[in-house]
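Engineer: File target01.cif follows (mmCIF, C-alpha atoms):
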data_data
#
loop_
_atom_site.label_atom_id
_atom_site.label_comp_id
_atom_site.auth_asym_id
_atom_site.auth_seq_id
_atom_site.Cartn_x
_atom_site.Cartn_y
_atom_site.Cartn_z
CA MET A 1 -128.96 319.87 50.95
CA LYS A 2 -125.79 318.32 49.58
CA GLU A 3 -126.15 316.95 46.07
CA GLY A 4 -126.35 313.18 46.12
CA HIS A 5 -126.25 313.09 49.91
CA GLU A 6 -127.87 310.13 51.62
CA CYS A 7 -128.43 310.29 55.33
CA ALA A 8 -127.79 307.05 57.19
CA PHE A 9 -130.06 306.43 60.13
CA ASN A 10 -130.59 303.62 62.58
CA SER A 11 -134.33 302.96 62.78
CA ILE A 12 -136.29 300.85 65.23
CA PRO A 13 -137.64 297.56 63.83
CA GLY A 14 -141.41 297.66 63.49
CA ALA A 15 -141.59 301.43 63.96
CA GLY A 16 -141.89 302.58 60.37
CA VAL A 17 -144.85 304.84 61.20
CA TRP A 18 -145.90 306.82 64.24
CA ALA A 19 -146.05 304.33 67.08
CA ASN A 20 -148.91 304.18 69.53
CA SER A 21 -148.08 301.18 71.69
CA ALA A 22 -149.88 300.16 74.86
CA HIS A 23 -147.12 301.96 76.76
CA THR A 24 -147.78 305.31 75.12
CA HIS A 25 -150.33 308.08 75.48
CA ALA A 26 -148.44 310.38 73.15
CA ARG A 27 -150.46 312.26 70.57
CA VAL A 28 -150.00 310.69 67.13
CA ASP A 29 -150.92 311.46 63.56
CA PRO A 30 -154.45 310.07 63.04
CA GLU A 31 -153.71 309.40 59.37
CA ARG A 32 -151.04 306.87 60.30
CA ALA A 33 -151.76 303.39 61.57
CA PRO A 34 -150.42 302.53 65.04
CA VAL A 35 -147.73 299.85 65.27
CA GLN A 36 -145.87 298.00 67.97
CA TRP A 37 -142.10 298.31 68.22
CA HIS A 38 -139.64 295.60 69.18
CA CYS A 39 -136.10 295.78 70.54
CA GLY A 40 -134.97 292.18 70.66
CA MET A 41 -133.79 290.27 73.72
CA ALA A 42 -133.24 291.60 77.24
CA LEU A 43 -129.88 293.22 77.94
CA LYS A 44 -127.16 291.48 79.92
CA GLY A 45 -123.51 291.90 80.82
CA VAL A 46 -121.78 295.15 79.92
CA ALA A 47 -124.80 296.56 78.09
CA LEU A 48 -127.11 296.00 81.06
CA MET A 49 -124.69 297.52 83.58
CA ARG A 50 -124.03 300.51 81.33
CA VAL A 51 -127.72 301.27 80.79
CA GLN A 52 -128.49 300.86 84.50
CA LYS A 53 -125.80 303.38 85.37
CA GLU A 54 -126.86 305.84 82.68
CA LEU A 55 -130.50 305.72 83.78
CA LYS A 56 -129.43 306.24 87.38
CA LEU A 57 -127.56 309.40 86.38
CA LEU A 58 -130.49 310.59 84.24
CA PHE A 59 -132.86 309.98 87.15
CA GLU A 60 -130.70 311.84 89.67
CA ASP A 61 -129.39 314.69 87.50
CA PRO A 62 -131.31 314.99 84.20
CA PRO A 63 -130.30 317.60 81.63
CA PRO A 64 -132.81 320.47 81.38
CA GLY A 65 -135.91 319.48 79.45
CA ILE A 66 -134.95 315.81 79.10
CA SER A 67 -136.23 312.66 80.80
CA ALA A 68 -135.94 308.94 80.04
CA TRP A 69 -136.91 305.66 81.67
CA ALA A 70 -136.96 301.92 81.01
CA CYS A 71 -140.24 300.38 79.87
CA ASP A 72 -139.61 297.13 81.77
CA ASP A 73 -136.93 295.03 83.43
CA SER A 74 -135.42 293.93 80.12
CA MET A 75 -133.85 297.43 79.95
CA ASN A 76 -133.57 297.25 76.16
CA LYS A 77 -136.55 299.47 75.46
CA LEU A 78 -136.62 303.02 76.78
CA GLU A 79 -138.95 305.96 76.41
CA ALA A 80 -137.93 309.59 76.58
CA VAL A 81 -139.41 313.08 76.46
CA VAL A 82 -137.52 316.06 75.06
CA HIS A 83 -138.87 319.58 75.53
CA GLY A 84 -138.48 322.08 72.72
CA ALA A 85 -136.21 325.01 73.57
CA GLU A 86 -137.56 328.52 74.07
CA GLY A 87 -137.13 330.80 71.10
CA THR A 88 -137.60 327.96 68.59
CA PRO A 89 -140.69 326.74 66.70
CA TYR A 90 -140.76 323.78 69.09
CA ALA A 91 -141.03 325.83 72.29
CA ASN A 92 -143.66 324.55 74.76
CA GLY A 93 -143.67 321.21 72.95
CA ARG A 94 -143.08 317.85 74.63
CA PHE A 95 -141.75 315.32 72.14
CA HIS A 96 -141.92 311.65 72.93
CA LEU A 97 -139.23 309.27 71.62
CA GLN A 98 -138.64 305.53 71.61
CA ILE A 99 -135.16 304.12 72.18
CA CYS A 100 -133.93 300.59 71.48
CA ILE A 101 -130.67 299.57 73.14
CA PRO A 102 -128.68 296.98 71.14
CA ALA A 103 -127.10 293.96 72.83
CA ARG A 104 -123.60 295.32 72.04
CA TYR A 105 -124.22 298.76 73.58
CA PRO A 106 -122.18 300.94 74.03
CA PHE A 107 -120.10 299.59 71.13
CA GLU A 108 -123.17 300.12 68.94
CA PRO A 109 -125.37 303.23 69.15
CA PRO A 110 -128.97 303.16 70.38
CA LYS A 111 -131.78 303.23 67.85
CA VAL A 112 -133.95 306.30 68.37
CA GLN A 113 -137.15 307.50 66.70
CA PHE A 114 -139.64 310.26 67.38
CA VAL A 115 -143.16 309.19 68.29
CA THR A 116 -144.56 312.71 68.43
CA PRO A 117 -144.84 314.13 64.88
CA ILE A 118 -142.40 316.96 64.29
CA TYR A 119 -141.95 319.32 61.35
CA HIS A 120 -138.18 319.33 60.91
CA PRO A 121 -135.69 319.13 58.01
CA ASN A 122 -133.67 316.32 59.64
CA ILE A 123 -136.54 314.13 60.93
CA ASP A 124 -138.78 312.30 58.48
CA SER A 125 -142.47 311.47 58.62
CA ALA A 126 -141.71 308.08 60.21
CA GLY A 127 -139.79 309.72 63.06
CA ARG A 128 -136.39 308.64 61.77
CA ILE A 129 -133.53 311.02 62.50
CA CYS A 130 -130.57 312.15 60.43
CA LEU A 131 -127.85 312.61 63.06
CA ASP A 132 -124.24 311.43 62.90
CA THR A 133 -124.27 310.51 66.58
CA LEU A 134 -126.75 307.70 65.92
CA ASN A 135 -124.50 305.84 63.49
CA LEU A 136 -121.17 304.06 63.62
CA PRO A 137 -118.13 305.36 61.75
CA PRO A 138 -117.33 305.92 58.95
CA LYS A 139 -120.84 307.20 58.18
CA GLY A 140 -121.50 308.29 61.74
CA ALA A 141 -119.79 309.66 64.83
CA TRP A 142 -120.89 307.25 67.56
CA LYS A 143 -118.29 306.16 70.09
CA PRO A 144 -118.63 304.16 73.33
CA SER A 145 -117.85 307.17 75.52
CA LEU A 146 -121.16 308.76 74.49
CA SER A 147 -124.43 308.02 76.26
CA ILE A 148 -128.21 308.12 76.12
CA SER A 149 -128.08 311.53 77.77
CA THR A 150 -125.66 312.72 75.07
CA VAL A 151 -127.96 311.50 72.33
CA LEU A 152 -131.04 313.20 73.79
CA SER A 153 -129.14 316.45 74.37
CA SER A 154 -127.89 316.31 70.77
CA LEU A 155 -131.45 315.83 69.53
CA GLN A 156 -132.62 318.78 71.59
CA LEU A 157 -129.89 320.89 69.98
CA LEU A 158 -130.76 319.57 66.51
CA MET A 159 -134.34 320.70 67.11
CA SER A 160 -133.04 324.18 67.92
CA GLU A 161 -130.54 324.28 65.05
CA PRO A 162 -131.62 322.18 62.04
CA ASN A 163 -128.89 321.21 59.59
CA PRO A 164 -130.05 321.84 56.00
CA ASP A 165 -126.84 320.27 54.65
CA ASP A 166 -128.06 316.90 55.91
CA GLY A 167 -131.74 317.39 55.13
CA LEU A 168 -133.86 314.26 55.27
CA MET A 169 -137.16 315.86 54.23
CA VAL A 170 -136.54 317.53 50.88
CA ASP A 171 -139.59 319.82 50.92
CA ILE A 172 -139.08 320.97 54.50
CA THR A 173 -135.36 321.51 53.91
CA ALA A 174 -136.08 323.66 50.85
CA GLN A 175 -138.64 325.65 52.82
CA PHE A 176 -136.20 326.08 55.71
CA VAL A 177 -133.62 327.54 53.32
CA ASN A 178 -135.82 329.52 50.91
CA ASP A 179 -138.87 330.53 52.95
CA HIS A 180 -137.79 330.40 56.58
CA ALA A 181 -140.72 332.42 57.91
CA ARG A 182 -143.20 329.95 56.44
CA TYR A 183 -141.16 327.04 57.81
CA GLU A 184 -141.34 328.54 61.31
CA ARG A 185 -145.09 329.16 61.08
CA THR A 186 -145.72 325.59 59.95
CA ALA A 187 -143.42 324.10 62.61
CA VAL A 188 -145.13 326.16 65.33
CA GLU A 189 -148.56 324.96 64.20
CA HIS A 190 -147.33 321.35 64.03
CA THR A 191 -145.93 321.67 67.55
CA ARG A 192 -149.19 323.16 68.84
CA ARG A 193 -151.21 320.40 67.21
CA TYR A 194 -149.16 317.37 68.22
CA ALA A 195 -146.73 318.29 71.02
CA SER A 196 -148.67 320.70 73.23
CA GLY A 197 -151.42 320.17 75.77
CA ALA A 198 -152.12 317.64 78.49
CA ASP A 199 -151.74 314.56 76.28
CA ALA A 200 -148.49 315.60 74.59
CA GLY A 201 -145.34 313.61 75.19
CA VAL A 202 -146.02 311.11 77.96
CA SER A 203 -148.23 311.88 80.92
CA GLY A 204 -147.26 311.12 84.49
CA GLN A 205 -150.12 308.63 84.64
CA THR A 206 -148.65 306.77 81.70
CA VAL A 207 -145.28 306.52 83.42
CA ALA A 208 -146.82 305.31 86.65
CA ALA A 209 -149.12 302.82 84.95
CA ASN A 210 -146.20 301.58 82.92
CA GLY A 211 -143.88 301.18 85.88
CA GLY A 212 -141.62 303.80 84.33
CA GLY A 213 -140.86 305.53 87.61
CA GLU A 214 -140.33 302.21 89.39
CA ALA A 215 -138.13 300.96 86.58
CA ALA A 216 -135.98 304.08 86.77
CA GLN A 217 -135.64 303.72 90.54
CA ALA A 218 -134.90 300.02 90.19
CA ALA A 219 -132.24 300.84 87.62
CA ALA A 220 -130.74 303.38 90.02
CA ALA A 221 -130.65 300.84 92.85
CA SER A 222 -129.20 298.16 90.60
CA ALA A 223 -126.53 300.51 89.33
CA ASP A 224 -125.14 300.94 92.84
CA ALA A 225 -124.02 297.32 92.74
CA ALA A 226 -123.14 297.30 89.04
CA ALA A 227 -119.65 297.36 87.60
CA PRO A 228 -118.30 300.72 86.32
CA ALA A 229 -119.73 301.92 83.03
CA ASP A 230 -116.30 301.56 81.43
CA ALA A 231 -115.93 297.92 82.49
CA ALA A 232 -113.99 295.57 80.26
CA ALA A 233 -115.57 294.89 76.87
CA PRO A 234 -116.87 291.45 75.90
CA ALA A 235 -114.29 288.98 74.69
CA ASP A 236 -115.46 289.32 71.11
CA ALA A 237 -115.07 293.10 71.14
CA ALA A 238 -112.04 294.50 69.42
CA PRO A 239 -109.28 295.84 71.74
CA THR A 240 -109.63 299.26 70.15
CA GLN A 241 -113.29 299.32 71.16
CA ALA A 242 -112.49 298.53 74.80
CA ALA A 243 -109.80 301.20 74.80
CA SER A 244 -112.21 303.71 73.29
CA MET A 245 -114.81 302.95 75.94
CA ALA A 246 -112.37 303.60 78.79
CA ALA A 247 -110.55 306.52 77.19
CA ALA A 248 -111.27 310.13 78.05
CA PRO A 249 -113.23 312.14 75.47
CA GLU A 250 -111.27 313.80 72.74
CA THR A 251 -110.07 317.30 73.59
CA SER A 252 -109.52 318.66 70.10
CA ALA A 253 -111.61 321.69 69.21
CA PRO A 254 -114.92 320.52 67.70
CA ALA A 255 -115.97 321.86 64.32
CA THR A 256 -119.65 322.39 65.14
CA ARG A 257 -121.87 323.20 68.11
CA VAL A 258 -123.19 319.64 68.06
CA GLU A 259 -119.66 318.33 68.47
CA GLU A 260 -119.07 320.85 71.27
CA LEU A 261 -122.16 319.56 73.05
CA LEU A 262 -121.05 315.95 72.60
CA ALA A 263 -117.60 316.67 74.02
CA ALA A 264 -119.01 318.59 76.99
CA GLU A 265 -121.62 315.92 77.70
CA ALA A 266 -119.02 313.14 77.51
CA ASP A 267 -116.82 315.02 80.00
CA SER A 268 -119.82 315.52 82.30
CA GLN A 269 -120.82 311.86 82.16
CA ALA A 270 -117.24 310.73 82.85
CA ALA A 271 -117.08 313.00 85.90
CA LYS A 272 -120.40 311.72 87.19
CA ARG A 273 -119.34 308.09 86.76
CA GLN A 274 -116.12 308.79 88.66
CA ARG A 275 -118.04 310.38 91.55
CA HIS A 276 -120.40 307.44 91.81
CA GLU A 277 -117.53 304.92 91.67
CA GLU A 278 -115.88 306.73 94.57
#
Would you kindly transcribe this structure into structure tokens?

Structural biologist:
Amino acid sequence: MKEGHECAFNSIPGAGVWANSAHTHARVDPERAPVQWHCGMALKGVALMRVQKELKLLFEDPPPGISAWACDDSMNKLEAVVHGAEGTPYANGRFHLQICIPARYPFEPPKVQFVTPIYHPNIDSAGRICLDTLNLPPKGAWKPSLSISTVLSSLQLLMSEPNPDDGLMVDITAQFVNDHARYERTAVEHTRRYASGADAGVSGQTVAANGGGEAAQAAAASADAAAPADAAAPADAAPTQAASMAAAPETSAPATRVEELLAAEADSQAAKRQRHEE
């Protein structure tokens, strides 16, 4: 871990410990008290139209091992499940996440936290995540051309390839670097305990009881009549932000695999939006 490094992360208000809200059947750490989580007021305008369109695309063509849906009609609180990749300590695990969408989305990044406990150098015991994509520049790498799908795909890649240079959990980071075999054994056991089995992640019954499937379909239907995802920014948004939202993703060669994934996902999302607009 870099000396003196502090990871910036965007955490969900009221979600400082493993959450176990009425909307969730995810397995949680019994030693941690359940809390509710709050995402502010319902979305409207550009943010609402953007989220509706993104959820429509996620519903129709989800990335492998990733799903997400709105908790209710306010569209500002989402739930997601990310499957651990084969060949990693998180294989066969279903990890539940909570997502808060800010009123100024996509000019501000979503707030994302893990609900399912995970043993990982870049994710702390409260589910907070050390990932540049989740923060605004200069500390982060968020830009309006990215999406919820991009974020979840980036998290799936981070699970497969932890970054010890940005370690958030000092002990786990040191173990990852100095005793990797023990790290893998512990992560596998943690995954088996919390993220495997019938009650891991979110069950289909939870989604149905919660209106998750209906909300996703409603979002898809609403998105058909919504303005394009790269619609004009609010009047108070800086011109450079509006230009960034409408601009094509950068084509310069990325420095890391995470950046490669972000660039590819942004291109994919732009192509999908263009097809739906046509």

Engineer: With 8 Å added on each side, what axis-aligned box encloses every listed atom of range 168-178 of chain A? Give the centre and edge lengths in Å to one decimal, as lines of an AutoDock Vina configuration file.

Structural biologist:
center_x = -136.6
center_y = 321.9
center_z = 53.3
size_x = 22.0
size_y = 31.3
size_z = 20.9

Engineer: Find, counting all atoms listed in the file, the residue in A:Ser147, A:Ser74, A:Asn92, A:Asn163 that gets nearest to Leu55 in chain A.

Structural biologist: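 Among the listed residues, A:Ser147 lies closest to Leu55 in chain A.
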
Engineer: Just to confirm, what's the straight-line distance from CA of Asp179 in chain A to CA of Val82 in chain A in Å (one decimal)?

Structural biologist: 26.5 Å

Engineer: Give the answer as one residue: which of A:Glu79, A:Glu161, A:Asp171, A:Glu54 has the shortest atom-to-atom distance to Ser125 in chain A, using only C-alpha atoms?

Structural biologist: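 Among the listed residues, A:Asp171 lies closest to Ser125 in chain A.
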
Engineer: Within 9 Å of (-124.4, 296.0, 73.6) in the file's own coordinates, which protein, DNA or RNA residues have an atom, counting all atoms listed in the file? List them as a ChimeraX atom specification.

Structural biologist: /A:43-48,50,101-109

Engineer: Which value, in Å to one decimal, gives the distance between CA of Ala91 in chain A and CA of Lys77 in chain A?

Structural biologist: 26.9 Å

Engineer: What separation in Å, quoted to one decimal, exists between CA of Thr88 in chain A and CA of Ile129 in chain A?

Structural biologist: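 That distance, rounded to one decimal, is 18.5 Å.
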
Engineer: Name the residues that the PyMOL selection byres ((chain A and resi 164) around 7) picks from the file above, as a list in words, using the file's chain letters and numbers.

Structural biologist: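 With the shown file as input, the PyMOL selection byres ((chain A and resi 164) around 7) matches Met1, Pro121, Pro162, Asn163, Asp165, Asp166, Gly167 and Thr173 of chain A.
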
Engineer: Would you translate the PyMOL selection byres ((chain A and resi 151) around 9) into the concrete set of residues it matches in this file, as a list of chain:residue names?

Structural biologist: A:Pro110, A:Val112, A:Thr133, A:Leu134, A:Leu146, A:Ser147, A:Ile148, A:Ser149, A:Thr150, A:Leu152, A:Ser153, A:Ser154, A:Leu155, A:Gln156, A:Leu262

Engineer: Can I get the selection written as a PDB file, in the coordinates of the input, with C-alpha atoms?

Structural biologist:
ATOM      1  CA  PRO A 110    -128.970 303.160  70.380  1.00  0.00           C
ATOM      2  CA  VAL A 112    -133.950 306.300  68.370  1.00  0.00           C
ATOM      3  CA  THR A 133    -124.270 310.510  66.580  1.00  0.00           C
ATOM      4  CA  LEU A 134    -126.750 307.700  65.920  1.00  0.00           C
ATOM      5  CA  LEU A 146    -121.160 308.760  74.490  1.00  0.00           C
ATOM      6  CA  SER A 147    -124.430 308.020  76.260  1.00  0.00           C
ATOM      7  CA  ILE A 148    -128.210 308.120  76.120  1.00  0.00           C
ATOM      8  CA  SER A 149    -128.080 311.530  77.770  1.00  0.00           C
ATOM      9  CA  THR A 150    -125.660 312.720  75.070  1.00  0.00           C
ATOM     10  CA  LEU A 152    -131.040 313.200  73.790  1.00  0.00           C
ATOM     11  CA  SER A 153    -129.140 316.450  74.370  1.00  0.00           C
ATOM     12  CA  SER A 154    -127.890 316.310  70.770  1.00  0.00           C
ATOM     13  CA  LEU A 155    -131.450 315.830  69.530  1.00  0.00           C
ATOM     14  CA  GLN A 156    -132.620 318.780  71.590  1.00  0.00           C
ATOM     15  CA  LEU A 262    -121.050 315.950  72.600  1.00  0.00           C
TER      16      LEU A 262
END

Engineer: Select, from A:Thr116, A:Lys53, A:Asn135, A:Asp73, the residue with the minimum atom-to-atom distance to Arg94 in chain A, counting all atoms listed in the file.

Structural biologist: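 Of the candidates, the smallest distance to Arg94 in chain A is held by A:Thr116.
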